[in-house]
Amino acid sequence: MFQIKFNKNLSIDNQVFIKPEYLIHPYISGNKYRKLKYNIISAKETHHTLLTFGGAFSNHLAAVASAGKEFGFKTIGIVRGEELESKVDVNPTLRYAKKCGMHLKFITRNQYKHKADINFISDLEQEFGDLYVIPEGGTNALAVKGCEEILTKEDHQFDYVCCSVGTGGTISGLINSAASHQKIIGFPALKGDFLKEEITKFVTDKNWELQTDYHFGGYAKINDELIGFINQFKHLYDIPLDPVYTGKMMYGIYDLIEKGYFPKDAKILAIHTGGLQGIEGMNLKLKQQKKPLIV
C-alpha cells in the first residue's frame with residue numbers, strides 16, 4: 001500500500017492511498033490477473049484453447065496471451081482492424097502476444113461489432129475447434145468473482161474506493177465486496193452512460209457512482225495536460241500510471257479533492273489496476289504526433 005503525500009501548498013484534508021495491484025504479476029497485471037483467475041480454473045477442466053478479443057494495444061489481449069503461455073493453453077486473439085496484420089512487428093502489444101504463442105486473427109471493424117453474436121462465435125468454433133471464449137476486456141461473472149478479492153479486511157478502513165473503468169468487471173467486484181460504509185467511485189475511460197447498464201448486470205448494491213468527466217475525449221485519447229500529470233506523478237511518487245486508465249483515474253481523484261468533493265478527513269483508496277504495457281504503444285503514437293512522451 002502506498003500513501004500519497006500531497007504538496008503542502010494545497011489545503012487538502014483527505015488521505016489518499018494506492019493499492020498496487022499492478023505488482024501482483026509481471027505480465028498478467030493488476031485487474032487482468034483477477035479477471036482471469038477463475039476463468040483459467042474453469043477452462044482447465046474442459047478446454048485447451050482460450051479465445052478472446054482486443055484492439056491494437058489491448059491490455060487484456062496481452063494478459064490472455066501471457067496466461068496461456070504460463071498455464072499451458074493455446075490462445076487465439078481476434079484483433080480489431082485488419083490493417084494491423086502487417087504491423088505486428090512494430091506494435092509492442094501484438095508483438096508480445098505473438099511471442100507468447102497467441103495466434104492472431106485480424107478482422108474488420110465492422111466484423112468486430114458482431115464479436116458477441118452467437119453466429120459469429122459459432123463460425124470461430126468451426127474454424128478453430130473447441131474454445132473457451134473470454135469476452136473483450138475479460139468481464140464475465142467469473143471475472144467479477146475474481147475482482148471481489150481485490151478488497152481485504154484491511155481495506156475496510158477506507159471511506160472511498162476508486163478505480164478506473166473499462167468494461168465494468170473490476171468495479172462490479174469492488175461494489176460486491178465493499179464494506180457497508182464504503183462508496184465505490186469509477187472513472188470510465190470511455191464516453192457514454194452505457195457502462196451503468198453493464199455494471200448493474202453483476203451488482204445489486206447502490207454504493208457506487210461513475211465520474212464521467214475524466215475520459216479526456218474517449219478511450220485511448222489523451223492530451224498534453226494528462227501526459228504532464230502522469231509524468232509529474234511518476235516524478236513525485238515513483239509510481240507509473242498508464243494513459244488509458246489509471247492516469248485518468250488519479251487525475252480525476254486529484255480534481256475532485258481540489259473541488260471539495262470528498263468530506264474532510266475522508267480516507268480514499270485508489271486501485272492501481274495495471275495496464276502499464278500500454279505505455280510503449282501510446283508513446284509510439286505520441287512520437288508520430290510530435291507530442292511529449294510518457295516517461
# chains A, B, ... in the order shown; residues from 1 in each chain; ligands from 1
>>> select_by_dssp(residues="range 51-278 of chain A", states="helix (DSSP H, G or I)", output="compact mmCIF listing (two decimals) with N, CA and C atoms, in the first residue's frame")
# COMPACT_ATOMS: atom_id res chain seq x y z
N ASN A 59 -4.60 -4.35 -23.18
CA ASN A 59 -4.00 -4.99 -22.01
C ASN A 59 -4.53 -6.42 -21.85
N HIS A 60 -5.80 -6.57 -22.13
CA HIS A 60 -6.44 -7.88 -21.96
C HIS A 60 -5.85 -8.91 -22.92
N LEU A 61 -5.66 -8.52 -24.15
CA LEU A 61 -5.09 -9.43 -25.15
C LEU A 61 -3.70 -9.91 -24.71
N ALA A 62 -2.89 -8.96 -24.25
CA ALA A 62 -1.54 -9.31 -23.78
C ALA A 62 -1.59 -10.22 -22.57
N ALA A 63 -2.54 -9.96 -21.66
CA ALA A 63 -2.64 -10.77 -20.44
C ALA A 63 -3.08 -12.20 -20.75
N VAL A 64 -4.04 -12.36 -21.65
CA VAL A 64 -4.51 -13.70 -22.02
C VAL A 64 -3.38 -14.47 -22.71
N ALA A 65 -2.64 -13.80 -23.57
CA ALA A 65 -1.51 -14.45 -24.23
C ALA A 65 -0.49 -14.94 -23.20
N SER A 66 -0.21 -14.09 -22.23
CA SER A 66 0.75 -14.45 -21.18
C SER A 66 0.23 -15.59 -20.31
N ALA A 67 -1.06 -15.54 -19.97
CA ALA A 67 -1.67 -16.60 -19.16
C ALA A 67 -1.65 -17.93 -19.90
N GLY A 68 -1.91 -17.88 -21.20
CA GLY A 68 -1.86 -19.10 -21.99
C GLY A 68 -0.50 -19.75 -21.97
N LYS A 69 0.52 -18.92 -22.11
CA LYS A 69 1.89 -19.43 -22.08
C LYS A 69 2.23 -20.01 -20.72
N GLU A 70 1.81 -19.33 -19.65
CA GLU A 70 2.16 -19.77 -18.30
C GLU A 70 1.40 -21.00 -17.86
N PHE A 71 0.13 -21.12 -18.28
CA PHE A 71 -0.71 -22.20 -17.78
C PHE A 71 -0.99 -23.29 -18.81
N GLU A 82 -8.15 -4.94 -39.60
CA GLU A 82 -7.38 -5.82 -40.48
C GLU A 82 -6.07 -5.19 -40.93
N GLU A 83 -6.00 -3.85 -40.87
CA GLU A 83 -4.77 -3.16 -41.29
C GLU A 83 -3.60 -3.44 -40.34
N LEU A 84 -3.91 -3.96 -39.16
CA LEU A 84 -2.86 -4.21 -38.17
C LEU A 84 -2.05 -5.47 -38.48
N GLU A 85 -2.55 -6.30 -39.37
CA GLU A 85 -1.87 -7.56 -39.66
C GLU A 85 -0.45 -7.36 -40.15
N SER A 86 -0.24 -6.28 -40.88
CA SER A 86 1.10 -6.01 -41.42
C SER A 86 1.96 -5.20 -40.46
N LYS A 87 1.42 -4.90 -39.27
CA LYS A 87 2.13 -4.03 -38.34
C LYS A 87 2.46 -4.72 -37.01
N VAL A 88 2.33 -6.03 -36.98
CA VAL A 88 2.53 -6.76 -35.73
C VAL A 88 3.92 -6.51 -35.16
N ASP A 89 4.93 -6.53 -36.00
CA ASP A 89 6.31 -6.42 -35.52
C ASP A 89 6.65 -5.03 -34.99
N VAL A 90 5.85 -4.03 -35.32
CA VAL A 90 6.12 -2.68 -34.80
C VAL A 90 5.10 -2.28 -33.73
N PRO A 92 4.02 -3.06 -30.02
CA PRO A 92 4.57 -3.79 -28.87
C PRO A 92 3.60 -4.78 -28.23
N THR A 93 2.31 -4.47 -28.22
CA THR A 93 1.33 -5.37 -27.61
C THR A 93 1.13 -6.61 -28.44
N LEU A 94 0.90 -6.43 -29.73
CA LEU A 94 0.68 -7.57 -30.62
C LEU A 94 1.95 -8.40 -30.78
N ARG A 95 3.08 -7.73 -30.80
CA ARG A 95 4.35 -8.46 -30.89
C ARG A 95 4.55 -9.35 -29.67
N TYR A 96 4.22 -8.82 -28.50
CA TYR A 96 4.34 -9.59 -27.27
C TYR A 96 3.38 -10.78 -27.27
N ALA A 97 2.12 -10.53 -27.67
CA ALA A 97 1.14 -11.62 -27.71
C ALA A 97 1.60 -12.73 -28.64
N LYS A 98 2.12 -12.36 -29.80
CA LYS A 98 2.62 -13.35 -30.76
C LYS A 98 3.80 -14.12 -30.17
N LYS A 99 4.68 -13.42 -29.46
CA LYS A 99 5.84 -14.05 -28.84
C LYS A 99 5.41 -15.08 -27.79
N ARG A 109 -13.32 -3.68 -38.62
CA ARG A 109 -14.04 -3.07 -37.50
C ARG A 109 -15.53 -3.37 -37.57
N ASN A 110 -16.06 -3.50 -38.76
CA ASN A 110 -17.47 -3.85 -38.91
C ASN A 110 -17.73 -5.28 -38.42
N GLN A 111 -16.85 -6.19 -38.78
CA GLN A 111 -16.98 -7.58 -38.30
C GLN A 111 -16.86 -7.62 -36.77
N TYR A 112 -15.99 -6.80 -36.24
CA TYR A 112 -15.71 -6.81 -34.81
C TYR A 112 -16.95 -6.42 -33.99
N ILE A 118 -23.99 -14.99 -31.48
CA ILE A 118 -23.90 -16.45 -31.44
C ILE A 118 -23.35 -17.00 -32.75
N ASN A 119 -23.82 -16.48 -33.87
CA ASN A 119 -23.36 -16.99 -35.17
C ASN A 119 -21.88 -16.69 -35.40
N PHE A 120 -21.45 -15.53 -34.93
CA PHE A 120 -20.03 -15.17 -35.07
C PHE A 120 -19.16 -16.14 -34.27
N ILE A 121 -19.55 -16.42 -33.03
CA ILE A 121 -18.81 -17.35 -32.18
C ILE A 121 -18.84 -18.76 -32.79
N SER A 122 -20.00 -19.13 -33.34
CA SER A 122 -20.13 -20.45 -33.97
C SER A 122 -19.16 -20.60 -35.13
N ASP A 123 -19.01 -19.55 -35.92
CA ASP A 123 -18.07 -19.58 -37.04
C ASP A 123 -16.63 -19.75 -36.55
N LEU A 124 -16.32 -19.09 -35.44
CA LEU A 124 -14.97 -19.23 -34.88
C LEU A 124 -14.73 -20.66 -34.38
N GLU A 125 -15.75 -21.26 -33.81
CA GLU A 125 -15.62 -22.66 -33.36
C GLU A 125 -15.46 -23.60 -34.53
N GLN A 126 -16.12 -23.29 -35.64
CA GLN A 126 -15.96 -24.09 -36.85
C GLN A 126 -14.52 -23.99 -37.36
N GLU A 127 -13.94 -22.80 -37.21
CA GLU A 127 -12.59 -22.58 -37.71
C GLU A 127 -11.51 -23.14 -36.79
N PHE A 128 -11.70 -22.97 -35.48
CA PHE A 128 -10.63 -23.29 -34.54
C PHE A 128 -10.91 -24.49 -33.63
N GLU A 136 -14.26 -9.50 -24.67
CA GLU A 136 -13.36 -8.35 -24.72
C GLU A 136 -13.28 -7.70 -23.35
N GLY A 137 -12.06 -7.42 -22.90
CA GLY A 137 -11.89 -6.82 -21.59
C GLY A 137 -11.95 -7.82 -20.46
N GLY A 138 -12.41 -9.04 -20.74
CA GLY A 138 -12.39 -10.11 -19.75
C GLY A 138 -13.56 -10.15 -18.80
N ALA A 141 -19.05 -13.23 -15.31
CA ALA A 141 -19.34 -13.50 -13.90
C ALA A 141 -18.11 -14.00 -13.15
N LEU A 142 -17.30 -14.84 -13.79
CA LEU A 142 -16.10 -15.35 -13.13
C LEU A 142 -15.06 -14.25 -12.93
N ALA A 143 -15.00 -13.31 -13.87
CA ALA A 143 -14.09 -12.18 -13.72
C ALA A 143 -14.50 -11.32 -12.53
N VAL A 144 -15.79 -11.07 -12.40
CA VAL A 144 -16.30 -10.28 -11.27
C VAL A 144 -15.97 -10.98 -9.96
N LYS A 145 -16.11 -12.31 -9.93
CA LYS A 145 -15.78 -13.10 -8.73
C LYS A 145 -14.31 -12.88 -8.35
N GLY A 146 -13.45 -12.88 -9.34
CA GLY A 146 -12.04 -12.64 -9.07
C GLY A 146 -11.78 -11.25 -8.53
N CYS A 147 -12.46 -10.27 -9.10
CA CYS A 147 -12.27 -8.88 -8.68
C CYS A 147 -12.86 -8.61 -7.30
N LYS A 153 -9.99 -7.21 4.38
CA LYS A 153 -10.48 -6.61 5.63
C LYS A 153 -9.68 -5.36 5.99
N GLU A 154 -8.39 -5.37 5.68
CA GLU A 154 -7.55 -4.20 5.94
C GLU A 154 -8.07 -2.96 5.20
N ASP A 155 -8.67 -3.19 4.04
CA ASP A 155 -9.14 -2.07 3.22
C ASP A 155 -10.46 -1.48 3.73
N HIS A 156 -11.07 -2.09 4.71
CA HIS A 156 -12.33 -1.56 5.25
C HIS A 156 -12.14 -0.25 5.99
N GLN A 157 -10.88 0.13 6.24
CA GLN A 157 -10.60 1.40 6.91
C GLN A 157 -10.90 2.60 6.02
N GLY A 169 -16.08 -4.88 -15.15
CA GLY A 169 -15.90 -6.05 -14.30
C GLY A 169 -15.22 -5.75 -12.98
N THR A 170 -14.19 -4.91 -13.02
CA THR A 170 -13.44 -4.61 -11.80
C THR A 170 -14.30 -3.85 -10.80
N ILE A 171 -14.96 -2.81 -11.26
CA ILE A 171 -15.79 -2.04 -10.33
C ILE A 171 -16.93 -2.89 -9.79
N SER A 172 -17.45 -3.79 -10.58
CA SER A 172 -18.53 -4.67 -10.11
C SER A 172 -18.04 -5.53 -8.95
N GLY A 173 -16.83 -6.07 -9.07
CA GLY A 173 -16.28 -6.86 -7.98
C GLY A 173 -16.07 -6.03 -6.73
N LEU A 174 -15.61 -4.80 -6.90
CA LEU A 174 -15.39 -3.91 -5.75
C LEU A 174 -16.72 -3.57 -5.07
N ILE A 175 -17.75 -3.31 -5.87
CA ILE A 175 -19.07 -3.00 -5.32
C ILE A 175 -19.59 -4.16 -4.48
N ASN A 176 -19.43 -5.35 -5.00
CA ASN A 176 -19.95 -6.54 -4.31
C ASN A 176 -19.22 -6.84 -3.00
N SER A 177 -17.95 -6.48 -2.93
CA SER A 177 -17.15 -6.86 -1.76
C SER A 177 -16.90 -5.70 -0.80
N PHE A 194 -23.44 3.94 -21.04
CA PHE A 194 -23.81 2.54 -21.24
C PHE A 194 -23.22 1.63 -20.17
N LEU A 195 -22.15 2.07 -19.53
CA LEU A 195 -21.49 1.23 -18.52
C LEU A 195 -22.38 0.97 -17.32
N LYS A 196 -23.26 1.90 -17.01
CA LYS A 196 -24.16 1.69 -15.87
C LYS A 196 -24.99 0.43 -16.07
N GLU A 197 -25.47 0.26 -17.29
CA GLU A 197 -26.28 -0.93 -17.59
C GLU A 197 -25.44 -2.20 -17.49
N GLU A 198 -24.19 -2.13 -17.95
CA GLU A 198 -23.32 -3.30 -17.87
C GLU A 198 -23.03 -3.68 -16.42
N ILE A 199 -22.76 -2.68 -15.61
CA ILE A 199 -22.42 -2.93 -14.21
C ILE A 199 -23.59 -3.52 -13.45
N ASP A 224 -1.89 16.89 -23.71
CA ASP A 224 -0.64 17.28 -23.04
C ASP A 224 -0.81 17.42 -21.53
N GLU A 225 -1.99 17.87 -21.11
CA GLU A 225 -2.23 18.05 -19.67
C GLU A 225 -2.17 16.71 -18.94
N LEU A 226 -2.78 15.69 -19.50
CA LEU A 226 -2.76 14.37 -18.88
C LEU A 226 -1.36 13.79 -18.89
N ILE A 227 -0.65 13.95 -20.00
CA ILE A 227 0.73 13.47 -20.07
C ILE A 227 1.58 14.13 -19.00
N GLY A 228 1.42 15.44 -18.84
CA GLY A 228 2.17 16.17 -17.83
C GLY A 228 1.85 15.68 -16.43
N PHE A 229 0.56 15.39 -16.19
CA PHE A 229 0.15 14.89 -14.87
C PHE A 229 0.78 13.53 -14.59
N ILE A 230 0.73 12.63 -15.56
CA ILE A 230 1.29 11.28 -15.39
C ILE A 230 2.79 11.35 -15.11
N ASN A 231 3.48 12.20 -15.87
CA ASN A 231 4.93 12.31 -15.69
C ASN A 231 5.29 12.95 -14.35
N GLN A 232 4.52 13.95 -13.93
CA GLN A 232 4.76 14.58 -12.65
C GLN A 232 4.48 13.61 -11.50
N PHE A 233 3.44 12.82 -11.65
CA PHE A 233 3.09 11.82 -10.63
C PHE A 233 4.22 10.81 -10.47
N LYS A 234 4.74 10.35 -11.59
CA LYS A 234 5.86 9.40 -11.55
C LYS A 234 7.08 10.04 -10.88
N HIS A 235 7.34 11.30 -11.18
CA HIS A 235 8.48 12.01 -10.60
C HIS A 235 8.33 12.16 -9.09
N LEU A 236 7.12 12.49 -8.63
CA LEU A 236 6.89 12.76 -7.21
C LEU A 236 6.85 11.49 -6.37
N TYR A 237 6.19 10.43 -6.91
CA TYR A 237 5.90 9.26 -6.09
C TYR A 237 6.55 7.97 -6.58
N THR A 246 -5.42 4.27 -15.41
CA THR A 246 -5.06 4.76 -14.07
C THR A 246 -4.66 6.23 -14.07
N GLY A 247 -4.08 6.70 -15.17
CA GLY A 247 -3.73 8.13 -15.24
C GLY A 247 -4.96 9.01 -15.16
N LYS A 248 -6.00 8.61 -15.87
CA LYS A 248 -7.25 9.37 -15.85
C LYS A 248 -7.93 9.28 -14.48
N MET A 249 -7.86 8.10 -13.86
CA MET A 249 -8.45 7.95 -12.53
C MET A 249 -7.76 8.86 -11.52
N MET A 250 -6.43 8.84 -11.47
CA MET A 250 -5.73 9.66 -10.49
C MET A 250 -5.92 11.14 -10.76
N TYR A 251 -5.95 11.52 -12.02
CA TYR A 251 -6.24 12.92 -12.37
C TYR A 251 -7.61 13.30 -11.82
N GLY A 252 -8.58 12.41 -12.00
CA GLY A 252 -9.94 12.68 -11.53
C GLY A 252 -10.01 12.79 -10.02
N ILE A 253 -9.28 11.91 -9.31
CA ILE A 253 -9.26 11.97 -7.85
C ILE A 253 -8.68 13.30 -7.38
N TYR A 254 -7.56 13.70 -7.95
CA TYR A 254 -6.96 14.98 -7.59
C TYR A 254 -7.95 16.12 -7.82
N ASP A 255 -8.60 16.10 -8.97
CA ASP A 255 -9.51 17.19 -9.32
C ASP A 255 -10.69 17.25 -8.35
N LEU A 256 -11.25 16.09 -8.02
CA LEU A 256 -12.38 16.05 -7.08
C LEU A 256 -11.96 16.52 -5.69
N ILE A 257 -10.76 16.19 -5.29
CA ILE A 257 -10.27 16.65 -3.98
C ILE A 257 -10.17 18.17 -3.96
N GLU A 258 -9.59 18.72 -5.01
CA GLU A 258 -9.41 20.17 -5.08
C GLU A 258 -10.75 20.90 -5.15
N GLY A 278 0.70 -0.75 -21.95
CA GLY A 278 0.17 0.13 -22.99
C GLY A 278 0.95 1.41 -23.18
>>> residues_around(residues="Val165 in chain A", least_positions_apart="5", cutoff="8 Å", atoms="only C-alpha atoms", output="count of residues only")
7
>>> closest_atom_pairs(of="range 261-283 of chain A", to="range 207-222 of chain A", cutoff="12 Å", atoms="only C-alpha atoms", output="JSON lines")
{"residue": "A:Tyr261", "atom": "CA", "partner": "A:Gln211", "partner_atom": "CA", "distance": 11.4}
{"residue": "A:Gly275", "atom": "CA", "partner": "A:Ala220", "partner_atom": "CA", "distance": 11.8}
{"residue": "A:Gly278", "atom": "CA", "partner": "A:Ala220", "partner_atom": "CA", "distance": 9.6}
{"residue": "A:Ile279", "atom": "CA", "partner": "A:Ala220", "partner_atom": "CA", "distance": 10.7}
{"residue": "A:Gly281", "atom": "CA", "partner": "A:Ala220", "partner_atom": "CA", "distance": 10.5}
{"residue": "A:Met282", "atom": "CA", "partner": "A:Ala220", "partner_atom": "CA", "distance": 8.2}
{"residue": "A:Asn283", "atom": "CA", "partner": "A:Ile222", "partner_atom": "CA", "distance": 11.2}
>>> closest_residue(among="A:Glu148, A:Lys291, A:Leu131, A:Ile271", to="Phe202 in chain A", atoms="only C-alpha atoms")
A:Glu148
>>> closest_residue(among="A:Leu190, A:Asn14, A:Ile134, A:Lys267", to="Thr167 in chain A", atoms="only C-alpha atoms")
A:Leu190
>>> select_by_dssp(residues="range 129-273 of chain A", states="strand (DSSP E)", output="PyMOL selection string")
chain A and resi 132-133+160-165+183-188+208-210+267-272
>>> write_last_selection(atoms="C-alpha atoms", output="compact mmCIF listing (two decimals), in the first residue's frame")
# COMPACT_ATOMS: atom_id res chain seq x y z
CA TYR A 132 -13.15 -21.27 -24.10
CA VAL A 133 -14.31 -17.79 -25.09
CA TYR A 160 -13.98 5.70 -0.63
CA VAL A 161 -12.57 3.18 -3.08
CA CYS A 162 -11.74 4.45 -6.58
CA CYS A 163 -10.94 2.55 -9.75
CA SER A 164 -10.71 3.10 -13.48
CA VAL A 165 -13.48 1.52 -15.56
CA LYS A 183 -18.57 4.19 -1.52
CA ILE A 184 -17.09 2.95 -4.80
CA ILE A 185 -16.26 5.56 -7.43
CA GLY A 186 -15.49 4.56 -11.01
CA PHE A 187 -13.67 6.67 -13.58
CA PRO A 188 -14.64 5.43 -17.07
CA TRP A 208 -21.35 3.36 -6.24
CA GLU A 209 -21.24 6.05 -8.88
CA LEU A 210 -19.39 6.85 -12.10
CA LYS A 267 -9.70 8.24 3.55
CA ILE A 268 -9.50 7.33 -0.13
CA LEU A 269 -8.14 4.12 -1.64
CA ALA A 270 -7.24 4.13 -5.34
CA ILE A 271 -6.90 0.72 -7.01
CA HIS A 272 -3.96 0.70 -9.44
>>> atom_distance(atom1="CA of Gly72 in chain A", atom2="CA of Lys113 in chain A")
29.7 Å
>>> closest_residue(among="A:Ile150, A:Ala56, A:His47, A:Asp238", to="Gln3 in chain A", atoms="only C-alpha atoms")
A:Asp238
>>> residues_around(residues="Asn31 in chain A", least_positions_apart="3", cutoff="8 Å", atoms="only C-alpha atoms", output="PyMOL selection string")
chain A and resi 21-22+34-35+147+170+273-274
>>> write_last_selection(atoms="C-alpha atoms", output="CSV table (one decimal), in the first residue's frame")
chain,number,residue,atom,x,y,z
A,21,GLU,CA,-2.4,-4.4,-8.0
A,22,TYR,CA,0.0,-3.9,-10.9
A,34,ARG,CA,-8.1,-11.0,-11.0
A,35,LYS,CA,-10.4,-11.4,-14.0
A,147,CYS,CA,-12.3,-8.9,-8.7
A,170,THR,CA,-13.4,-4.6,-11.8
A,273,THR,CA,-5.2,-1.8,-12.0
A,274,GLY,CA,-2.0,-2.0,-14.1
>>> atom_distance(atom1="CA of Ile78 in chain A", atom2="CA of Thr52 in chain A")
6.2 Å
>>> closest_residue(among="A:Leu50, A:Ile28, A:Leu151, A:Ile107", to="Ile76 in chain A", atoms="only C-alpha atoms")
A:Leu50
>>> atom_distance(atom1="CA of Lys264 in chain A", atom2="CA of Pro20 in chain A")
24.7 Å
